[in-house]
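One structure is given below, encoded as structure tokens.
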Amino acid sequence: MELEERARQLAESLARVREDMAEAARLAGRDPAEVALVAISKTHPASDVAALFAAGQRVFGESYAQEAKDKREELAHLPIEWHFVGGLQRNKAKLMAGECALIHAVDSLRLAETLDRKCAERGRVQNVLLQVNSAGEEQKHGISEADLPALAEAVAGMPALRLKGLMVLPPFFDDPERARPFFARARELKEDLERRLSMRLPHLSMGMTGDFAAAIAEGATLVRIGTRIFGQRDYSNR
């Protein structure tokens with residue numbers, strides 16, 4: 001597909017997603033400006049990101065540390081706000097520490113300590129979210145609800161990290177409304193932490209292509225949408 005045609009398709013998909021997000025916010029009695037779109041660009045080429053940037057999108061999410069580093073360097077001439085949304089291995093933390101606007105999926109004390117140390121060595125401060133695994137799914141990353149308060153207190157005390165909220169990835173359901181209780185629970189957990197820590201946690205990262213309307217209804221401030229914008233992912237080049 002020629003780049004011009006691809007750029008047109010991406011811009012049209014982006015516009016439709018934004019319209020649907022705004023409608024979901026209005027139906028929930030929220031200001032659409034309260035919800036930001038993180039365009040998940042993993043496995044898609046830097047040219048797609050550049051095309052969407054030209055169409056007005058500024059926040060992009062990556063899930064693989066090396067791919068994120070490579071794209072960030074290739075598109076360094078654009079003022080993109082990069083988020084890291086995938087599970088981050090401790091041995092790859094050095095690639096992300098202090099290098100992106102927000103890391104969504106801190107899920108252990110050891111990872112937090114590694115990020116804190118790497119950021120301190122570089123003289124940088126890193127915004128982070130804690131990933132919660134409310135459903136207890138073994139195949140997914142995330143801290144348990146029982147262990148969340150202790151991890152939050154530890155991260156809040158780390159000098160090179162700034163705790164900004166929670167991220168949740170609920171079980172997959174054919175009916176997105178079935179995910180809604182998990183989103184509601186994430187909001188409750190965030191509010192509980194705000195009371196415990198006496199600090200504001202501005203972000204709830206939740207909701208993807210299939211369930212973002214339910215997430216927005218329950219208070220999402222960041223929704224992570226990839227397939228509806230970019231199309232199916234191609235993992236063959238990884």
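Identifiers in the structure tokens: chain A, B, ... in order shown; residue index from 1 per chain; ligand index from 1 in order shown.
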
Could you produce a table of the residues of region 21-107 of chain A lying within 10 Å of region 156-177 of chain A, with the nearest pair of atoms per residue and their separation in Å rounded to one decimal, using only C-alpha atoms, ordered by chain and increasing residue number, as a Markdown table?
```
| residue | atom | partner | partner_atom | distance |
| --- | --- | --- | --- | --- |
| A:Val85 | CA | A:Met167 | CA | 9.0 |
| A:Ala97 | CA | A:Leu161 | CA | 9.6 |
| A:Gly98 | CA | A:Ala160 | CA | 8.9 |
| A:Leu102 | CA | A:Lys164 | CA | 8.7 |
| A:Ile103 | CA | A:Lys164 | CA | 9.7 |
| A:His104 | CA | A:Met167 | CA | 6.1 |
| A:Ala105 | CA | A:Met167 | CA | 6.5 |
| A:Val106 | CA | A:Met167 | CA | 8.9 |
| A:Asp107 | CA | A:Met167 | CA | 9.7 |
```

>> I need the strand (DSSP E or B) residues of region 66-154 of chain A per DSSP on the backbone, written as a list in words.
In response: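 Filtering region 66-154 of chain A to strand (DSSP E or B) leaves Glu81, Trp82, His83, Phe84, Leu102, Ile103, His104, Ala105, Val106, Gln126, Asn127, Val128, Leu129, Leu130, Gln131, Val132 and Ile143 of chain A.
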
>> Nearest residue to Asp211 (chain A) out of A:Arg178, A:Arg185, A:Arg117, A:Arg196, using only C-alpha atoms?
In response: A:Arg178

> Between A:Glu218, A:Glu23, A:Glu113, A:Glu153, which has the minimum distance to Phe183 (chain A) (counting only C-alpha atoms)?
Replying inline: A:Glu218

>> Can you tell me, as a PyMOL selection string, which residues in region 3-127 of chain A count as helix (DSSP H, G or I) by DSSP?
In response: chain A and resi 3-27+32-34+46-54+65-74+90-96+109-122

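Candidate residues A:Ala7, A:Ala112, A:Ala68, A:Ala55 were compared for distance to Asn127 (chain A), and the nearest is A:Ala112, using only C-alpha atoms.
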
>> Residues near Glu4 (chain A), anyone? I mean within 9 Å using only C-alpha atoms, not counting same-chain ones fewer than 4 positions away, as a PyMOL selection string.
In response: chain A and resi 8-9+51

>> Please determine, counting only C-alpha atoms, which residue among A:Ala25, A:Ala214, A:Ala186, A:Ile229 has the shortest atom-to-atom distance to Leu52 (chain A).
In response: A:Ile229
